[in-house]
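For reference, input08.cif (mmCIF, C-alpha atoms and all ligand atoms):
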```cif
data_query
#
loop_
_atom_site.label_atom_id
_atom_site.label_comp_id
_atom_site.auth_asym_id
_atom_site.auth_seq_id
_atom_site.Cartn_x
_atom_site.Cartn_y
_atom_site.Cartn_z
CA MET A 1 0.00 0.00 0.00
CA GLY A 2 1.29 3.49 -0.82
CA ARG A 3 3.42 5.17 1.80
CA VAL A 4 1.41 8.39 1.63
CA PHE A 5 -1.87 6.52 2.00
CA VAL A 6 -0.60 4.67 5.09
CA LEU A 7 0.68 7.95 6.55
CA VAL A 8 -2.59 9.83 5.94
CA HIS A 9 -4.58 6.87 7.28
CA GLY A 10 -2.35 6.80 10.38
CA VAL A 11 -2.64 10.54 11.04
CA VAL A 12 -6.42 10.63 10.43
CA SER A 13 -6.94 7.57 12.68
CA TYR A 14 -4.85 9.16 15.44
CA ILE A 15 -6.89 12.40 15.28
CA VAL A 16 -10.17 10.42 15.33
CA VAL A 17 -8.95 8.39 18.34
CA LEU A 18 -8.04 11.54 20.30
CA ALA A 19 -11.36 13.23 19.44
CA VAL A 20 -13.48 10.18 20.36
CA PHE A 21 -11.45 9.64 23.51
CA ALA A 22 -11.89 13.26 24.64
CA TYR A 23 -15.63 13.03 23.95
CA PHE A 24 -15.77 9.73 25.86
CA ALA A 25 -14.25 11.39 28.94
CA GLY A 26 -16.93 14.11 28.80
CA PHE A 27 -19.66 11.55 28.10
CA VAL A 28 -18.81 9.49 31.20
CA ALA A 29 -18.05 12.46 33.49
CA GLY A 30 -21.21 14.25 32.30
CA VAL A 31 -19.38 17.49 31.43
CA CYS A 32 -18.48 19.61 28.38
CA VAL A 33 -20.26 17.51 25.70
CA PRO A 34 -23.75 17.83 24.16
CA LYS A 35 -24.74 14.23 24.98
CA THR A 36 -23.63 12.57 28.22
CA ILE A 37 -24.34 9.12 29.64
CA ASP A 38 -27.52 10.47 31.29
CA ASP A 39 -28.81 12.63 28.39
CA GLY A 40 -31.39 11.82 25.73
CA PRO A 41 -35.03 10.77 25.50
CA VAL A 42 -36.04 8.31 28.22
CA GLY A 43 -37.95 5.20 27.08
CA PRO A 44 -38.97 1.91 28.70
CA TRP A 45 -36.04 0.76 30.88
CA PRO A 46 -35.84 -2.94 29.75
CA ARG A 47 -35.45 -1.86 26.11
CA ALA A 48 -32.88 0.83 26.99
CA LEU A 49 -30.87 -1.61 29.13
CA MET A 50 -30.89 -4.28 26.42
CA ILE A 51 -29.71 -1.81 23.76
CA ASP A 52 -26.96 -0.39 25.99
CA LEU A 53 -25.66 -3.82 26.99
CA ALA A 54 -25.68 -4.93 23.34
CA LEU A 55 -23.66 -1.82 22.41
CA LEU A 56 -21.11 -2.48 25.17
CA GLY A 57 -20.99 -6.18 24.26
CA GLY A 58 -20.23 -5.26 20.64
CA PHE A 59 -17.46 -2.91 21.75
CA ALA A 60 -15.94 -5.49 24.10
CA LEU A 61 -16.08 -8.25 21.50
CA GLN A 62 -14.46 -6.15 18.79
CA HIS A 63 -11.75 -4.91 21.14
CA SER A 64 -10.93 -8.35 22.53
CA VAL A 65 -10.89 -10.21 19.23
CA MET A 66 -8.94 -7.60 17.24
CA ALA A 67 -6.25 -7.32 19.93
CA ARG A 68 -5.35 -11.01 19.82
CA PRO A 69 -2.13 -12.09 18.07
CA TRP A 70 -3.96 -14.79 16.03
CA PHE A 71 -6.37 -12.18 14.67
CA LYS A 72 -3.50 -9.82 13.83
CA ARG A 73 -1.72 -12.63 11.95
CA MET A 74 -4.94 -13.39 10.06
CA TRP A 75 -5.92 -9.92 8.95
CA THR A 76 -2.42 -8.66 8.12
CA VAL A 77 -2.83 -10.87 5.05
CA PHE A 78 -5.19 -8.10 3.83
CA VAL A 79 -4.11 -5.03 5.85
CA PRO A 80 -0.41 -4.09 5.74
CA GLU A 81 1.42 -4.31 9.10
CA SER A 82 2.20 -0.59 8.96
CA ALA A 83 -1.54 0.22 8.91
CA GLU A 84 -2.75 -2.61 11.17
CA ARG A 85 -2.70 -0.77 14.50
CA SER A 86 -4.17 2.45 12.99
CA THR A 87 -7.02 0.45 11.48
CA TYR A 88 -7.67 -1.36 14.75
CA VAL A 89 -7.80 1.83 16.84
CA LEU A 90 -9.88 3.59 14.17
CA LEU A 91 -12.49 0.80 14.11
CA ALA A 92 -12.52 0.61 17.93
CA SER A 93 -13.04 4.40 18.14
CA LEU A 94 -15.86 4.32 15.61
CA GLN A 95 -17.53 1.54 17.59
CA LEU A 96 -17.16 3.62 20.76
CA ALA A 97 -18.59 6.68 18.97
CA LEU A 98 -21.57 4.58 17.83
CA THR A 99 -22.08 3.34 21.40
CA MET A 100 -22.21 6.91 22.73
CA TRP A 101 -24.43 8.12 19.89
CA VAL A 102 -27.03 5.35 20.24
CA TRP A 103 -26.76 5.12 24.07
CA HIS A 104 -30.18 5.13 25.80
CA PRO A 105 -30.10 6.89 29.17
CA LEU A 106 -31.45 5.40 32.39
CA PRO A 107 -31.18 8.55 34.51
CA THR A 108 -32.80 7.39 37.80
CA PRO A 109 -30.17 8.22 40.44
CA ILE A 110 -28.67 5.51 42.65
CA TRP A 111 -26.60 8.07 44.57
CA GLN A 112 -26.22 11.85 44.36
CA LEU A 113 -23.47 13.65 46.23
CA GLY A 114 -24.64 17.19 45.39
CA ASP A 115 -22.08 20.00 45.11
CA GLY A 116 -20.17 19.67 48.38
CA LEU A 117 -16.66 18.61 49.32
CA LEU A 118 -17.36 14.90 48.85
CA ALA A 119 -18.57 15.50 45.27
CA ALA A 120 -15.42 17.55 44.56
CA ILE A 121 -13.24 14.71 45.89
CA VAL A 122 -15.06 12.19 43.70
CA HIS A 123 -14.65 14.49 40.66
CA GLY A 124 -10.95 14.69 41.54
CA LEU A 125 -10.66 10.89 41.65
CA ALA A 126 -12.25 10.65 38.19
CA ALA A 127 -9.80 13.27 36.87
CA ILE A 128 -6.91 11.26 38.36
CA GLY A 129 -8.30 8.21 36.56
CA TRP A 130 -8.33 9.95 33.16
CA GLY A 131 -4.86 11.36 33.86
CA LEU A 132 -3.58 7.87 34.72
CA VAL A 133 -4.95 6.54 31.42
CA LEU A 134 -3.07 9.21 29.47
CA VAL A 135 0.20 8.85 31.43
CA SER A 136 0.04 5.05 31.02
CA THR A 137 -0.19 5.32 27.22
CA PHE A 138 3.12 7.24 27.28
CA ALA A 139 4.67 4.78 29.77
CA VAL A 140 4.18 1.92 27.25
CA ASP A 141 4.56 3.74 23.91
CA HIS A 142 1.81 6.26 23.14
CA PHE A 143 2.50 6.66 19.41
CA HIS A 144 2.93 2.93 18.80
CA LEU A 145 -0.22 2.13 20.80
CA PHE A 146 -2.25 4.36 18.46
CA GLY A 147 -0.48 3.28 15.27
CA LEU A 148 1.15 6.60 14.39
CA ARG A 149 4.74 5.39 14.88
CA GLN A 150 4.19 2.50 12.46
CA ALA A 151 2.63 4.78 9.80
CA VAL A 152 5.40 7.42 10.03
CA GLY A 153 8.10 4.69 10.11
CA HIS A 154 6.66 3.17 6.92
CA TRP A 155 6.63 6.58 5.23
CA LEU A 156 10.27 7.12 6.17
CA GLY A 157 11.16 3.60 4.99
CA ARG A 158 11.99 2.56 8.56
CA PRO A 159 9.51 -0.12 9.71
CA ALA A 160 8.73 0.33 13.41
CA ARG A 161 9.82 -2.44 15.76
CA GLU A 162 7.49 -4.03 18.31
CA PRO A 163 7.67 -1.94 21.52
CA GLU A 164 9.74 -3.34 24.36
CA PHE A 165 8.17 -4.64 27.53
CA ARG A 166 8.45 -1.70 29.93
CA VAL A 167 8.32 -1.37 33.69
CA ARG A 168 8.35 2.34 34.29
CA GLY A 169 6.14 5.07 35.76
CA PRO A 170 2.76 3.67 36.84
CA TYR A 171 3.78 0.17 35.63
CA ARG A 172 5.99 0.02 38.76
CA LEU A 173 2.86 0.25 40.94
CA VAL A 174 0.40 -2.01 39.10
CA ARG A 175 0.57 -4.19 36.00
CA HIS A 176 -2.45 -2.49 34.39
CA PRO A 177 -2.46 1.22 35.28
CA LEU A 178 -4.33 2.15 32.10
CA MET A 179 -7.25 -0.10 33.00
CA LEU A 180 -7.05 1.04 36.63
CA GLY A 181 -7.42 4.62 35.34
CA PHE A 182 -10.51 3.66 33.35
CA LEU A 183 -12.08 1.88 36.33
CA LEU A 184 -11.45 4.90 38.56
CA ALA A 185 -12.97 7.21 35.94
CA PHE A 186 -16.03 4.96 35.43
CA TRP A 187 -16.84 4.49 39.13
CA ALA A 188 -15.92 7.90 40.60
CA ALA A 189 -19.23 9.58 39.78
CA PRO A 190 -20.77 12.24 42.05
CA THR A 191 -24.13 11.27 40.52
CA MET A 192 -24.53 7.57 39.75
CA SER A 193 -27.57 6.80 37.61
CA VAL A 194 -28.94 3.36 36.79
CA GLY A 195 -27.53 3.70 33.24
CA HIS A 196 -24.10 4.77 34.50
CA LEU A 197 -24.08 1.90 36.99
CA ALA A 198 -24.94 -0.62 34.25
CA PHE A 199 -22.14 0.90 32.16
CA ALA A 200 -19.60 0.73 35.02
CA LEU A 201 -20.53 -2.87 35.91
CA ALA A 202 -20.40 -4.08 32.29
CA MET A 203 -17.08 -2.32 31.62
CA THR A 204 -15.56 -3.69 34.84
CA LEU A 205 -16.51 -7.20 33.76
CA TYR A 206 -15.02 -6.55 30.34
CA VAL A 207 -11.77 -5.17 31.84
CA LEU A 208 -11.35 -8.24 34.07
CA VAL A 209 -11.81 -10.60 31.11
CA ALA A 210 -9.60 -8.46 28.82
CA LEU A 211 -6.78 -8.46 31.39
CA GLU A 212 -6.84 -12.26 31.58
CA LEU A 213 -6.54 -12.48 27.78
CA GLU A 214 -3.82 -9.81 27.63
CA GLU A 215 -1.77 -11.46 30.38
CA ARG A 216 -2.01 -14.80 28.58
CA ASP A 217 -0.50 -13.13 25.47
CA LEU A 218 2.14 -11.28 27.49
CA ARG A 219 3.24 -14.52 29.20
CA ALA A 220 3.47 -16.28 25.84
CA GLN A 221 5.49 -13.35 24.46
CA HIS A 222 7.84 -12.61 27.38
CA GLY A 223 7.87 -15.89 29.32
CA ALA A 224 9.82 -15.88 32.61
CA HIS A 225 10.38 -12.11 32.40
CA TYR A 226 6.64 -11.52 32.61
CA ASP A 227 6.19 -14.20 35.28
CA GLY A 228 8.77 -12.40 37.44
CA TYR A 229 7.00 -9.06 36.90
CA ARG A 230 3.67 -10.72 37.72
CA ALA A 231 5.07 -12.11 40.96
CA ARG A 232 6.42 -8.68 42.04
CA ILE A 233 3.75 -6.18 40.95
CA PRO A 234 0.01 -6.34 41.78
CA ARG A 235 -2.54 -6.47 38.98
CA LEU A 236 -4.79 -3.48 39.72
CA ASN A 237 -4.65 -2.66 43.42
CA PRO A 238 -1.45 -0.75 44.23
CA PHE A 239 -1.95 -1.45 47.95
CA ALA A 240 -2.17 -5.22 47.54
CA ARG A 241 0.73 -7.07 49.16
CA ARG A 242 2.84 -9.33 46.94
C1 LIG B 301 -4.22 -0.68 25.88
S1 LIG B 301 -2.66 -1.19 26.45
C2 LIG B 301 -3.08 -1.62 28.12
C3 LIG B 301 -1.91 -2.03 28.91
C4 LIG B 301 -2.25 -2.56 30.31
N1 LIG B 301 -3.23 -3.62 30.27
C5 LIG B 301 -2.75 -1.48 31.21
O1 LIG B 301 -3.92 -1.51 31.59
O2 LIG B 301 -1.96 -0.59 31.56
C6 LIG B 301 -2.48 -2.77 25.71
C7 LIG B 301 -1.12 -3.03 25.13
O3 LIG B 301 -0.13 -2.76 26.07
C8 LIG B 301 0.84 -3.81 26.02
N2 LIG B 301 1.48 -3.84 27.36
C9 LIG B 301 0.94 -4.24 28.52
N3 LIG B 301 1.82 -4.09 29.53
C10 LIG B 301 2.95 -3.59 28.97
C11 LIG B 301 4.23 -3.21 29.49
N4 LIG B 301 4.52 -3.30 30.79
N5 LIG B 301 5.16 -2.74 28.61
C12 LIG B 301 4.89 -2.62 27.30
N6 LIG B 301 3.70 -2.96 26.75
C13 LIG B 301 2.75 -3.44 27.58
C14 LIG B 301 0.09 -5.05 25.66
O4 LIG B 301 0.88 -6.01 25.04
C15 LIG B 301 -0.94 -4.48 24.69
O5 LIG B 301 -0.44 -4.47 23.38
#
```

How would this structure read if it were set down as structure tokens?
Amino acid sequence: MGRVFVLVHGVVSYIVVLAVFAYFAGFVAGVCVPKTIDDGPVGPWPRALMIDLALLGGFALQHSVMARPWFKRMWTVFVPESAERSTYVLLASLQLALTMWVWHPLPTPIWQLGDGLLAAIVHGLAAIGWGLVLVSTFAVDHFHLFGLRQAVGHWLGRPAREPEFRVRGPYRLVRHPLMLGFLLAFWAAPTMSVGHLAFALAMTLYVLVALELEERDLRAQHGAHYDGYRARIPRLNPFARR
């Protein structure tokens, strides 16, 4: 595939990922975006819940399958390696955008903390969660994770290598800081509606399954090195004793 095409595809995908990701943060936190997790016409709750869970299931399935090494081997027969990651993150972002667009709210509150100090602390925890997600992408390899490094490398005639296994920054505290950041951001809600709770529960389940699959791949890839890391560093809880 043409170098310029791969480059443009990589840059466009990266911009789409950042835009969808920024919207997603506002959608979950309920700030700064036209449609949040609790906005929209309210219909019968069983229908809304079924639609929302189907949307999240579709997102989880796509994400889990496309991230597996066997799937990558299979579809790089059609998609060049240099565009593989960009295509994956682009499709995942579009699926996430669809989920937010079609999302049916279930706004009945489970808890409401109002505007006091406690609500401010919970907002702060969510902000820490989003910050942790961003920092973690740089601690692994931000530009490789979102496919831009591969696209630029291909354009320059220097194919990007697979990123090294890294134990730095938040990866010294937990093995999955990025997912820990997401969980913090999903659960730290000053107002928790039924819809938000269903979202947080479903995504937590997805994260736990996704981590099992990812660790299986990482052990196959890095063997004893990963086993040693696994023995030393807790999975998600930085306070857990090892
Ligand atoms: C979306 S990132 C999430 C990483 C991790 N599960 C987390 O929550 O921080 C997924 C990619 O990061 C890679 N990865 C996971 N841990 C890593 C580490 N310590 N160093 C480099 N890459 C890592 C995985 O192989 C996978 O390709």

For CA of Met74 in chain A and CA of Leu213 in chain A, the interatomic separation in Å (one decimal): 17.8 Å

Arg3 in chain A environment, 8 Å, all atoms listed in the file, sequence neighbours closer than 2 positions dropped, as a list of chain:residue names: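 Those residues are A:Met1, A:Phe5, A:Val6, A:Leu7, A:His154, A:Trp155.
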
A:Val174, A:Val77, A:Val133, A:Pro190 ranked by distance to Ile121 in chain A, top pick (using all atoms listed in the file):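 Of A:Val174, A:Val77, A:Val133, A:Pro190, the one nearest Ile121 in chain A, counting all atoms listed in the file, is A:Pro190.
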
Exercise: Ser86 in chain A partners within 9 Å, only C-alpha atoms, chain neighbours under 3 positions left out, as a count of residues only: 18

Top pick for closest residue to Val207 in chain A, considering A:Leu180, A:Ala120, A:Val4, A:Ala189 and counting all atoms listed in the file: A:Leu180

Sphere at (-28.0, 7.0, 24.0), radius 10 Å, counting all atoms listed in the file: residues as a VMD selection string: chain A and resid 35 to 42 48 51 to 52 55 98 to 106 195

Between CA of Gly169 in chain A and CA of Ala220 in chain A, distance in Å (one decimal): 23.7 Å

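Distance-wise, CA of Ala127 in chain A and CA of Leu49 in chain A end up 26.9 Å apart.
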
What are the centre and the three edge lengths of an axis-aligned box that wraps all atoms of ligand LIG 301 (chain B) in the file, given that 6 Å is added to every side, written as lines of an AutoDock Vina configuration file and rounded to one decimal in Å?
```
center_x = 0.5
center_y = -3.3
center_z = 27.5
size_x = 21.4
size_y = 17.4
size_z = 20.2
```

For ligand LIG 301 (chain B), the nearest of the candidates A:Gly129, A:Pro34, A:Pro46, A:Pro177, counting only C-alpha atoms and all ligand atoms: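 Looking only at the distances to ligand LIG 301 (chain B), the closest residue turns out to be A:Pro177.
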
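Using all atoms listed in the file, the shortest contact distance between Ile15 in chain A and any of A:Gln221, A:Thr76, A:Ser93, A:Gln62 is found at A:Ser93.
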
Proximity to Leu118 in chain A - best of A:Leu218, A:Ala54, A:Leu94, A:Ala188, only C-alpha atoms: A:Ala188

Residue with smallest distance to ligand LIG 301 (chain B) - pool A:Met192, A:Leu205, A:Leu134, A:Ala25, counting all atoms listed in the file: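 Of A:Met192, A:Leu205, A:Leu134, A:Ala25, the one nearest ligand LIG 301 (chain B), counting all atoms listed in the file, is A:Leu134.
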
Selection: 10 Å around Glu164 in chain A, only C-alpha atoms, excl. self and same-chain fewer than 6 positions, as a ChimeraX atom specification: /A:140-141,222
